[in-house]
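Colleague: Pasting a structure here, questions to come.
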Amino acid sequence: FFGHKQAEEEEEIIYNKQKWIIIGSAHKTMMMMTMSFNTTTTASNASCSLASSQKTSVRGGRANNKLRAQKHAIARQNGRRASSLVVCDGTGKFVVGGNWKCNGTIDSIDKLCASLNSGKITADVEVICAPPMVYIDRVQSKLKAPYQIAAQNCWVSKGGAFTGEVSAEMLKDANIPWVILGHSERRSLCGETNEFVGLKTKYALDTGVKVVACIGESLAQREAGDTLNVCFAQLKAIVDCVTEKDWENIIIAYEPVWAIGTGKVATPDQAQEVHAGVRKWMNENVSADVASKVRIQYGGSVNAGNCDELATKPDIDGFLVGGASLDGEAFVKICNSAAHSK
């Protein structure tokens with residue numbers, strides 16, 4: 001792949017009765033998977049199929065759909081146009097994630113943990129922090145409730161000769177309940193395809209690790225008017241691999257790539273439009289129940305100054321925060337913006 005000889009170790013994994021061969025390094029694995037999808041499947045028939053099951057649990061923390069429908073009916077009566085994309089607003093508990101990415105030292109991590117622990121989170125919100133892998137154990141021992149821990153990545157199958165990777169089994173063994181998968185930086189820098197992210201998502205879930213699944217478009221794709229098509233393709237690769245019940249343990253994180261770490265932020269209305277479109281697509285391609293309950297985070301230069309307004313949008317169920325999550329005081333404020341959620 002890069003002009004180097006790859007390791008010869010092989011491992012077989014099975015998804016939907018189709019054999020996948022894991023060979024050597026992550027780079028070659030991804031190349032093989034991409035080639036397999038290009039030659040043996042079509043975009044509408046990926047290797048994993050959607051299985052149906054009933055989901056009966058109800059998540060609290062958001063207003064019910066009947067009240068939502070009444071709100072939109074009143075808006076129309078008053079001459080205000082309700083969004084044509086709205087199917088039903090999110091009903092899941094507001095959730096804020098902090099992606100610390102490849103940042104920190106022992107000293108700065110200790111200070112950040114102390115700052116987070118001293119802050120007061122008063123809103124009804126679920127909070128997840130994803131430190132660098134080398135610091136996870138340290139952070140896990142220091143952060144107090146309500147903070148949960150996530151890894152920033154995991155491998156597509158069980159452990160083995162995959163240098164630099166971490167398996168979902170390892171995360172489970174270390175009592176790490178969450179993992180972030182499909183982040184745009186891994187898609188662009190590490191060559192992870194939509195289909196590869198779908199497979200990783202399913203494997204993590206089957207191992208007992210919950211997933212924050214990232215989607216989002218580049219600036220060129222947005223300017224070309226392809227935002228929703230890009231997000232739908234990324235979602236479909238996951239939907240094709242998981243069951244309806246699996247969505248109880250998946251959070252969707254919409255992060256416009258052009259807004260990550262740039263200081264540029266989608267306007268609240270732009271973010272709401274995409275979130276509503278994603279929820280509508282989930283309603284049409286999974287189920288109305290999942291569409292209502294799945295939580296859709298917004299990510300992309302979210303900070304203490306813009307979080308309150310973003311949180312008011314009915315289909316924004318939380319945030320996945322990058323740079324601002326390294327500032328304890330700012331991150332606590334972002335968590336408390338859940339109080340503004342409708």
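Identifiers for the structure tokens are assigned positionally: chains receive A, B, ... in sequence, residues are indexed from 1 per chain, and ligands are indexed from 1 in the order shown.
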What lies within 6 Å of segment 164-174 of chain A using only C-alpha atoms, ignoring chain neighbours under 5 positions off, as number ranges by chain?
Modeller: A: 154-155, 158-159, 204
Colleague: Store the residues of this selection in a file with N, CA and C atoms, as a short mmCIF file (atom, residue, chain, number, x, y, z; two decimals), in the first residue's frame.
Modeller:
```cif
data_model
loop_
_atom_site.label_atom_id
_atom_site.label_comp_id
_atom_site.auth_asym_id
_atom_site.auth_seq_id
_atom_site.Cartn_x
_atom_site.Cartn_y
_atom_site.Cartn_z
N CYS A 154 -11.43 2.29 17.97
CA CYS A 154 -11.09 0.89 18.24
C CYS A 154 -11.08 0.13 16.92
N TRP A 155 -10.53 -1.07 16.96
CA TRP A 155 -10.31 -1.88 15.77
C TRP A 155 -11.60 -2.57 15.33
N LYS A 158 -11.36 -8.67 16.72
CA LYS A 158 -10.62 -8.96 17.95
C LYS A 158 -9.14 -8.64 17.76
N GLY A 159 -8.41 -8.57 18.86
CA GLY A 159 -7.01 -8.21 18.81
C GLY A 159 -6.16 -9.23 18.08
N ALA A 204 -17.99 -3.16 17.67
CA ALA A 204 -17.95 -2.55 19.01
C ALA A 204 -19.24 -2.83 19.77
#
```
Colleague: Could you write out, as an MDAnalysis selection string, all the residues of segment 183-322 of chain A that DSSP marks as strand (DSSP E)?
Modeller: chainID A and resid 210:215 250:254 295:298 318:321
Colleague: Take the residues from that selection and put them in a file with N, CA and C atoms, as a PDB file, in the first residue's frame.
Modeller:
```pdb
ATOM      1  N   LYS A 210     -20.592   0.982  23.628  1.00  0.00           N
ATOM      2  CA  LYS A 210     -21.504   1.908  22.965  1.00  0.00           C
ATOM      3  C   LYS A 210     -20.721   2.856  22.051  1.00  0.00           C
ATOM      4  N   VAL A 211     -21.395   3.371  21.021  1.00  0.00           N
ATOM      5  CA  VAL A 211     -20.699   4.078  19.946  1.00  0.00           C
ATOM      6  C   VAL A 211     -21.243   5.490  19.737  1.00  0.00           C
ATOM      7  N   VAL A 212     -20.326   6.439  19.634  1.00  0.00           N
ATOM      8  CA  VAL A 212     -20.631   7.767  19.085  1.00  0.00           C
ATOM      9  C   VAL A 212     -20.175   7.730  17.630  1.00  0.00           C
ATOM     10  N   ALA A 213     -21.126   7.691  16.712  1.00  0.00           N
ATOM     11  CA  ALA A 213     -20.836   7.525  15.287  1.00  0.00           C
ATOM     12  C   ALA A 213     -20.866   8.880  14.592  1.00  0.00           C
ATOM     13  N   CYS A 214     -19.731   9.275  14.026  1.00  0.00           N
ATOM     14  CA  CYS A 214     -19.595  10.608  13.448  1.00  0.00           C
ATOM     15  C   CYS A 214     -19.908  10.621  11.955  1.00  0.00           C
ATOM     16  N   ILE A 215     -20.608  11.662  11.535  1.00  0.00           N
ATOM     17  CA  ILE A 215     -20.881  11.907  10.123  1.00  0.00           C
ATOM     18  C   ILE A 215     -20.643  13.389   9.851  1.00  0.00           C
ATOM     19  N   ILE A 250     -26.246   3.777  20.254  1.00  0.00           N
ATOM     20  CA  ILE A 250     -25.528   4.601  19.274  1.00  0.00           C
ATOM     21  C   ILE A 250     -25.974   6.052  19.411  1.00  0.00           C
ATOM     22  N   ILE A 251     -25.011   6.943  19.429  1.00  0.00           N
ATOM     23  CA  ILE A 251     -25.257   8.379  19.298  1.00  0.00           C
ATOM     24  C   ILE A 251     -24.717   8.801  17.937  1.00  0.00           C
ATOM     25  N   ILE A 252     -25.484   9.588  17.204  1.00  0.00           N
ATOM     26  CA  ILE A 252     -25.002  10.162  15.943  1.00  0.00           C
ATOM     27  C   ILE A 252     -24.404  11.530  16.248  1.00  0.00           C
ATOM     28  N   ALA A 253     -23.204  11.773  15.770  1.00  0.00           N
ATOM     29  CA  ALA A 253     -22.575  13.087  15.934  1.00  0.00           C
ATOM     30  C   ALA A 253     -22.388  13.708  14.559  1.00  0.00           C
ATOM     31  N   TYR A 254     -23.168  14.751  14.271  1.00  0.00           N
ATOM     32  CA  TYR A 254     -23.009  15.463  13.006  1.00  0.00           C
ATOM     33  C   TYR A 254     -21.972  16.559  13.189  1.00  0.00           C
ATOM     34  N   ARG A 295     -30.132  10.005  19.556  1.00  0.00           N
ATOM     35  CA  ARG A 295     -29.620  11.332  19.889  1.00  0.00           C
ATOM     36  C   ARG A 295     -28.626  11.788  18.828  1.00  0.00           C
ATOM     37  N   ILE A 296     -28.818  13.022  18.360  1.00  0.00           N
ATOM     38  CA  ILE A 296     -27.970  13.574  17.309  1.00  0.00           C
ATOM     39  C   ILE A 296     -27.230  14.775  17.884  1.00  0.00           C
ATOM     40  N   GLN A 297     -25.931  14.611  18.063  1.00  0.00           N
ATOM     41  CA  GLN A 297     -25.100  15.703  18.571  1.00  0.00           C
ATOM     42  C   GLN A 297     -24.651  16.606  17.428  1.00  0.00           C
ATOM     43  N   TYR A 298     -24.397  17.863  17.763  1.00  0.00           N
ATOM     44  CA  TYR A 298     -23.736  18.763  16.819  1.00  0.00           C
ATOM     45  C   TYR A 298     -22.304  18.976  17.279  1.00  0.00           C
ATOM     46  N   GLY A 318     -27.496  17.436  21.728  1.00  0.00           N
ATOM     47  CA  GLY A 318     -26.249  17.495  22.467  1.00  0.00           C
ATOM     48  C   GLY A 318     -25.117  17.957  21.583  1.00  0.00           C
ATOM     49  N   PHE A 319     -23.910  17.879  22.103  1.00  0.00           N
ATOM     50  CA  PHE A 319     -22.733  18.360  21.381  1.00  0.00           C
ATOM     51  C   PHE A 319     -21.582  17.361  21.503  1.00  0.00           C
ATOM     52  N   LEU A 320     -20.767  17.309  20.462  1.00  0.00           N
ATOM     53  CA  LEU A 320     -19.460  16.661  20.542  1.00  0.00           C
ATOM     54  C   LEU A 320     -18.440  17.780  20.411  1.00  0.00           C
ATOM     55  N   VAL A 321     -17.733  18.046  21.489  1.00  0.00           N
ATOM     56  CA  VAL A 321     -16.915  19.248  21.620  1.00  0.00           C
ATOM     57  C   VAL A 321     -15.445  18.890  21.463  1.00  0.00           C
TER      58      VAL A 321
END
```
Colleague: Quick one: residues within 8 Å of Phe232 of chain A, only C-alpha atoms, excluding same-chain residues fewer than 4 positions away - as a ChimeraX atom specification?
Modeller: /A:228,236,278,281
Colleague: Write a file of the just-selected residues containing N, CA and C atoms, as a tab-separated table (two decimals), in the first residue's frame.
Modeller:
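Wrote it out as out34.tsv, contents follow:
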```tsv
chain	number	residue	atom	x	y	z
A	228	LEU	N	-26.56	16.66	2.75
A	228	LEU	CA	-27.42	15.58	3.21
A	228	LEU	C	-27.09	14.26	2.53
A	236	LYS	N	-26.01	5.22	6.04
A	236	LYS	CA	-26.46	3.96	5.45
A	236	LYS	C	-25.47	2.84	5.69
A	278	VAL	N	-31.44	14.40	8.96
A	278	VAL	CA	-30.94	13.10	9.42
A	278	VAL	C	-32.05	12.34	10.14
A	281	TRP	N	-34.48	11.00	7.62
A	281	TRP	CA	-33.91	9.84	6.93
A	281	TRP	C	-33.97	8.60	7.82
```
Colleague: How many Å separate atom CA of Asp240 of chain A from atom CA of Gly198 of chain A?
Modeller: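 So the two atoms, atom CA of Asp240 of chain A and atom CA of Gly198 of chain A, lie 7.5 Å apart.
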Colleague: What's around Ala123 of chain A at 7 Å? Count only C-alpha atoms, leave out sequence neighbours fewer than 2 positions away in its own chain, and write the answer as a list in words.
Modeller: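 Returned residues: Ile121, Val125, Asn336, Ala338 and Ala339 of chain A.
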Colleague: Between atom CA of Cys113 of chain A and atom CA of Ser141 of chain A, what is the distance, to one decimal in Å?
Modeller: 9.8 Å
Colleague: Could you state the separation of atom CA of Gly299 of chain A and atom CA of Glu255 of chain A in Å, given to one decimal place?
Modeller: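 Going from atom CA of Gly299 of chain A over to atom CA of Glu255 of chain A covers 4.5 Å.
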Colleague: Return the single residue from A:Thr91, A:Thr262, A:Thr163, A:Gln140 that is closest to Pro314 of chain A, with distances computed using only C-alpha atoms.
Modeller: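 Nearest candidate to Pro314 of chain A out of A:Thr91, A:Thr262, A:Thr163, A:Gln140: A:Thr91.
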Colleague: Taking 6 positions as the minimum chain separation for residues in the same chain, which residues sit within 10 Å of Gln221 of chain A when counting only C-alpha atoms? Answer as an NGL selection string.
Modeller: :A and (227-230 or 256-258)
Colleague: Using only C-alpha atoms, please write the residues we just selected to a file, as an mmCIF file, in the first residue's frame.
Modeller:
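The resulting file, result.cif, is reproduced below:
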```cif
data_model
loop_
_atom_site.group_PDB
_atom_site.id
_atom_site.type_symbol
_atom_site.label_atom_id
_atom_site.label_comp_id
_atom_site.auth_asym_id
_atom_site.auth_seq_id
_atom_site.Cartn_x
_atom_site.Cartn_y
_atom_site.Cartn_z
ATOM 1 C CA THR A 227 -24.459 17.860 2.609
ATOM 2 C CA LEU A 228 -27.422 15.581 3.213
ATOM 3 C CA ASN A 229 -26.415 13.054 0.548
ATOM 4 C CA VAL A 230 -22.971 12.701 2.150
ATOM 5 C CA PRO A 256 -19.443 19.560 9.423
ATOM 6 C CA VAL A 257 -15.788 19.010 8.567
ATOM 7 C CA TRP A 258 -15.308 22.631 7.529
#
```
Colleague: Can you list, as a short mmCIF file (atom, residue, chain, number, x, y, z; two decimals) with N, CA and C atoms, in the first residue's frame, every residue of segment 91-326 of chain A that DSSP puts in alpha helix (DSSP H)?
Modeller:
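Final file, states-v2.cif:
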```
data_model
loop_
_atom_site.label_atom_id
_atom_site.label_comp_id
_atom_site.auth_asym_id
_atom_site.auth_seq_id
_atom_site.Cartn_x
_atom_site.Cartn_y
_atom_site.Cartn_z
N ILE A 106 0.62 14.79 31.37
CA ILE A 106 0.15 14.35 32.68
C ILE A 106 -0.28 15.55 33.51
N ASP A 107 0.50 16.61 33.47
CA ASP A 107 0.19 17.80 34.26
C ASP A 107 -1.11 18.46 33.79
N SER A 108 -1.24 18.67 32.48
CA SER A 108 -2.44 19.34 31.98
C SER A 108 -3.68 18.47 32.14
N ILE A 109 -3.54 17.16 32.00
CA ILE A 109 -4.66 16.26 32.18
C ILE A 109 -5.15 16.29 33.63
N ASP A 110 -4.21 16.29 34.57
CA ASP A 110 -4.58 16.35 35.99
C ASP A 110 -5.32 17.66 36.30
N LYS A 111 -4.84 18.75 35.74
CA LYS A 111 -5.49 20.05 35.98
C LYS A 111 -6.88 20.09 35.36
N LEU A 112 -7.02 19.50 34.17
CA LEU A 112 -8.32 19.48 33.52
C LEU A 112 -9.31 18.65 34.32
N CYS A 113 -8.88 17.50 34.81
CA CYS A 113 -9.76 16.66 35.62
C CYS A 113 -10.19 17.39 36.89
N ALA A 114 -9.27 18.09 37.51
CA ALA A 114 -9.60 18.84 38.72
C ALA A 114 -10.61 19.94 38.43
N SER A 115 -10.43 20.62 37.29
CA SER A 115 -11.34 21.69 36.90
C SER A 115 -12.74 21.14 36.62
N LEU A 116 -12.80 20.00 35.94
CA LEU A 116 -14.10 19.40 35.64
C LEU A 116 -14.79 18.95 36.92
N ASN A 117 -14.05 18.35 37.82
CA ASN A 117 -14.64 17.87 39.07
C ASN A 117 -15.13 19.02 39.95
N SER A 118 -14.49 20.16 39.86
CA SER A 118 -14.90 21.30 40.70
C SER A 118 -16.08 22.06 40.11
N ILE A 136 -6.18 7.34 29.38
CA ILE A 136 -7.53 6.92 29.74
C ILE A 136 -7.60 6.39 31.17
N ASP A 137 -6.68 5.53 31.54
CA ASP A 137 -6.73 4.95 32.89
C ASP A 137 -6.59 6.04 33.95
N ARG A 138 -5.70 6.99 33.69
CA ARG A 138 -5.49 8.09 34.64
C ARG A 138 -6.76 8.93 34.78
N VAL A 139 -7.35 9.28 33.66
CA VAL A 139 -8.56 10.10 33.69
C VAL A 139 -9.71 9.34 34.33
N GLN A 140 -9.81 8.07 34.01
CA GLN A 140 -10.88 7.24 34.57
C GLN A 140 -10.81 7.18 36.10
N SER A 141 -9.60 7.22 36.63
CA SER A 141 -9.42 7.15 38.09
C SER A 141 -9.66 8.49 38.77
N LYS A 142 -9.66 9.58 37.99
CA LYS A 142 -9.77 10.91 38.58
C LYS A 142 -11.14 11.55 38.40
N ALA A 168 -12.04 -3.64 20.69
CA ALA A 168 -13.21 -3.37 21.52
C ALA A 168 -13.18 -4.24 22.77
N GLU A 169 -12.65 -5.45 22.65
CA GLU A 169 -12.53 -6.31 23.83
C GLU A 169 -11.65 -5.68 24.90
N MET A 170 -10.59 -5.00 24.48
CA MET A 170 -9.72 -4.32 25.44
C MET A 170 -10.47 -3.19 26.14
N LEU A 171 -11.26 -2.45 25.38
CA LEU A 171 -12.05 -1.37 25.98
C LEU A 171 -13.04 -1.93 26.99
N LYS A 172 -13.70 -2.98 26.59
CA LYS A 172 -14.66 -3.61 27.49
C LYS A 172 -13.97 -4.11 28.76
N ASP A 173 -12.81 -4.73 28.61
CA ASP A 173 -12.06 -5.25 29.74
C ASP A 173 -11.62 -4.13 30.69
N SER A 184 -14.15 12.47 11.30
CA SER A 184 -13.66 12.93 9.99
C SER A 184 -12.14 12.89 9.89
N GLU A 185 -11.46 13.09 11.02
CA GLU A 185 -10.00 13.06 10.98
C GLU A 185 -9.48 11.65 10.71
N ARG A 186 -10.19 10.65 11.17
CA ARG A 186 -9.79 9.27 10.86
C ARG A 186 -10.22 8.90 9.44
N ARG A 187 -11.32 9.43 9.00
CA ARG A 187 -11.74 9.17 7.62
C ARG A 187 -10.74 9.77 6.64
N SER A 188 -10.33 11.01 6.90
CA SER A 188 -9.46 11.70 5.94
C SER A 188 -7.99 11.33 6.10
N LEU A 189 -7.51 11.19 7.33
CA LEU A 189 -6.09 10.94 7.56
C LEU A 189 -5.72 9.46 7.54
N CYS A 190 -6.68 8.61 7.91
CA CYS A 190 -6.39 7.17 8.00
C CYS A 190 -7.11 6.36 6.93
N ASN A 194 -16.73 4.63 4.56
CA ASN A 194 -18.04 4.50 5.19
C ASN A 194 -18.30 3.07 5.63
N GLU A 195 -17.98 2.13 4.74
CA GLU A 195 -18.25 0.72 5.02
C GLU A 195 -17.39 0.21 6.18
N PHE A 196 -16.15 0.66 6.24
CA PHE A 196 -15.26 0.25 7.32
C PHE A 196 -15.79 0.76 8.66
N VAL A 197 -16.28 1.99 8.67
CA VAL A 197 -16.86 2.55 9.90
C VAL A 197 -18.10 1.75 10.31
N GLY A 198 -18.90 1.35 9.33
CA GLY A 198 -20.06 0.52 9.65
C GLY A 198 -19.69 -0.78 10.31
N LEU A 199 -18.66 -1.44 9.79
CA LEU A 199 -18.19 -2.70 10.36
C LEU A 199 -17.63 -2.50 11.77
N LYS A 200 -16.87 -1.43 11.95
CA LYS A 200 -16.31 -1.15 13.27
C LYS A 200 -17.42 -0.88 14.29
N THR A 201 -18.44 -0.16 13.85
CA THR A 201 -19.56 0.15 14.73
C THR A 201 -20.24 -1.13 15.20
N LYS A 202 -20.53 -2.01 14.27
CA LYS A 202 -21.20 -3.26 14.63
C LYS A 202 -20.34 -4.11 15.55
N TYR A 203 -19.05 -4.19 15.27
CA TYR A 203 -18.19 -5.02 16.11
C TYR A 203 -18.13 -4.47 17.53
N ALA A 204 -17.99 -3.16 17.67
CA ALA A 204 -17.95 -2.55 19.01
C ALA A 204 -19.24 -2.83 19.77
N LEU A 205 -20.36 -2.65 19.10
CA LEU A 205 -21.65 -2.87 19.75
C LEU A 205 -21.80 -4.32 20.19
N ASP A 206 -21.41 -5.25 19.32
CA ASP A 206 -21.52 -6.67 19.66
C ASP A 206 -20.61 -7.06 20.81
N THR A 207 -19.56 -6.26 21.03
CA THR A 207 -18.63 -6.51 22.12
C THR A 207 -19.12 -5.88 23.42
N LEU A 219 -16.25 21.17 3.15
CA LEU A 219 -16.71 22.46 2.62
C LEU A 219 -17.10 22.33 1.15
N ALA A 220 -16.29 21.61 0.38
CA ALA A 220 -16.61 21.43 -1.04
C ALA A 220 -17.94 20.72 -1.23
N GLN A 221 -18.20 19.73 -0.40
CA GLN A 221 -19.46 19.00 -0.49
C GLN A 221 -20.64 19.88 -0.10
N ARG A 222 -20.45 20.72 0.91
CA ARG A 222 -21.53 21.64 1.28
C ARG A 222 -21.79 22.64 0.16
N GLU A 223 -20.74 23.21 -0.39
CA GLU A 223 -20.91 24.20 -1.45
C GLU A 223 -21.54 23.60 -2.70
N THR A 227 -24.56 18.12 1.17
CA THR A 227 -24.46 17.86 2.61
C THR A 227 -25.28 16.65 3.05
N LEU A 228 -26.56 16.66 2.75
CA LEU A 228 -27.42 15.58 3.21
C LEU A 228 -27.09 14.26 2.53
N ASN A 229 -26.76 14.29 1.25
CA ASN A 229 -26.42 13.05 0.55
C ASN A 229 -25.18 12.40 1.16
N VAL A 230 -24.18 13.22 1.52
CA VAL A 230 -22.97 12.70 2.15
C VAL A 230 -23.31 12.08 3.50
N CYS A 231 -24.09 12.79 4.30
CA CYS A 231 -24.47 12.27 5.63
C CYS A 231 -25.29 11.00 5.51
N PHE A 232 -26.20 10.96 4.53
CA PHE A 232 -27.04 9.78 4.37
C PHE A 232 -26.20 8.56 3.96
N ALA A 233 -25.21 8.76 3.09
CA ALA A 233 -24.35 7.65 2.68
C ALA A 233 -23.54 7.11 3.86
N GLN A 234 -23.06 8.02 4.71
CA GLN A 234 -22.31 7.61 5.89
C GLN A 234 -23.21 6.86 6.87
N LEU A 235 -24.44 7.33 7.01
CA LEU A 235 -25.39 6.66 7.89
C LEU A 235 -25.79 5.30 7.35
N LYS A 236 -26.01 5.22 6.04
CA LYS A 236 -26.46 3.96 5.45
C LYS A 236 -25.47 2.84 5.69
N ALA A 237 -24.18 3.16 5.63
CA ALA A 237 -23.16 2.13 5.86
C ALA A 237 -23.26 1.58 7.28
N ILE A 238 -23.72 2.40 8.22
CA ILE A 238 -23.92 1.93 9.59
C ILE A 238 -25.24 1.18 9.70
N VAL A 239 -26.29 1.75 9.14
CA VAL A 239 -27.61 1.12 9.17
C VAL A 239 -27.57 -0.28 8.56
N PRO A 268 -27.16 28.15 13.89
CA PRO A 268 -28.13 27.24 14.52
C PRO A 268 -29.16 26.71 13.54
N ASP A 269 -29.61 27.56 12.61
CA ASP A 269 -30.59 27.10 11.63
C ASP A 269 -29.98 26.09 10.65
N GLN A 270 -28.73 26.31 10.25
CA GLN A 270 -28.06 25.35 9.37
C GLN A 270 -27.91 24.00 10.06
N ALA A 271 -27.49 24.03 11.32
CA ALA A 271 -27.32 22.79 12.07
C ALA A 271 -28.67 22.09 12.24
N GLN A 272 -29.69 22.84 12.59
CA GLN A 272 -31.02 22.26 12.77
C GLN A 272 -31.53 21.63 11.48
N GLU A 273 -31.28 22.27 10.36
CA GLU A 273 -31.74 21.72 9.08
C GLU A 273 -31.13 20.35 8.80
N VAL A 274 -29.82 20.22 9.05
CA VAL A 274 -29.17 18.92 8.82
C VAL A 274 -29.67 17.89 9.83
N HIS A 275 -29.77 18.28 11.09
CA HIS A 275 -30.24 17.34 12.11
C HIS A 275 -31.65 16.86 11.80
N ALA A 276 -32.52 17.78 11.37
CA ALA A 276 -33.88 17.38 11.01
C ALA A 276 -33.88 16.46 9.80
N GLY A 277 -32.99 16.73 8.84
CA GLY A 277 -32.87 15.87 7.67
C GLY A 277 -32.40 14.48 8.04
N VAL A 278 -31.44 14.40 8.96
CA VAL A 278 -30.94 13.10 9.42
C VAL A 278 -32.05 12.34 10.14
N ARG A 279 -32.81 13.04 10.97
CA ARG A 279 -33.89 12.36 11.70
C ARG A 279 -34.97 11.87 10.73
N LYS A 280 -35.27 12.67 9.72
CA LYS A 280 -36.25 12.27 8.71
C LYS A 280 -35.76 11.02 7.97
N TRP A 281 -34.48 11.00 7.62
CA TRP A 281 -33.91 9.84 6.93
C TRP A 281 -33.97 8.60 7.82
N MET A 282 -33.68 8.76 9.09
CA MET A 282 -33.76 7.64 10.02
C MET A 282 -35.19 7.13 10.12
N ASN A 283 -36.14 8.03 10.11
CA ASN A 283 -37.55 7.65 10.15
C ASN A 283 -37.91 6.80 8.93
N GLU A 284 -37.40 7.19 7.77
CA GLU A 284 -37.75 6.51 6.52
C GLU A 284 -36.95 5.22 6.31
N ASN A 285 -35.77 5.12 6.90
CA ASN A 285 -34.89 3.99 6.61
C ASN A 285 -34.66 3.04 7.79
N ALA A 288 -39.69 4.99 12.89
CA ALA A 288 -40.08 6.24 13.54
C ALA A 288 -39.63 6.24 15.00
N ASP A 289 -39.67 5.08 15.63
CA ASP A 289 -39.27 4.97 17.03
C ASP A 289 -37.80 5.32 17.20
N VAL A 290 -36.95 4.73 16.37
CA VAL A 290 -35.52 5.02 16.44
C VAL A 290 -35.26 6.48 16.08
N ALA A 291 -35.94 6.99 15.06
CA ALA A 291 -35.73 8.38 14.63
C ALA A 291 -36.01 9.35 15.77
N SER A 292 -37.03 9.05 16.56
CA SER A 292 -37.37 9.93 17.67
C SER A 292 -36.37 9.82 18.81
N LYS A 293 -35.92 8.60 19.09
CA LYS A 293 -35.11 8.38 20.28
C LYS A 293 -33.61 8.52 20.08
N CYS A 307 -23.14 27.76 22.59
CA CYS A 307 -23.84 26.51 22.94
C CYS A 307 -25.29 26.72 23.34
N ASP A 308 -25.58 27.81 24.04
CA ASP A 308 -26.95 28.02 24.52
C ASP A 308 -27.94 28.13 23.38
N GLU A 309 -27.59 28.91 22.36
CA GLU A 309 -28.50 29.08 21.22
C GLU A 309 -28.63 27.79 20.43
N LEU A 310 -27.52 27.09 20.21
CA LEU A 310 -27.58 25.82 19.49
C LEU A 310 -28.46 24.81 20.23
N ALA A 311 -28.39 24.83 21.55
CA ALA A 311 -29.14 23.85 22.35
C ALA A 311 -30.65 24.05 22.26
#
```
Colleague: Pick the closest to Lys144 of chain A from A:Gly119, A:Gly225, A:Gly98, A:Gly263: which is it, counting only C-alpha atoms?
Modeller: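 Ranking A:Gly119, A:Gly225, A:Gly98, A:Gly263 by distance to Lys144 of chain A, first place goes to A:Gly119.
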Colleague: List the neighbours of Ala330 of chain A out to 9 Å using only C-alpha atoms; skip same-chain residues closer than 6 positions along the sequence, and give me the result as a list in words.
Modeller: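 So the residues in contact are Asn303, Ala304, Gly305 and Ala324 of chain A.
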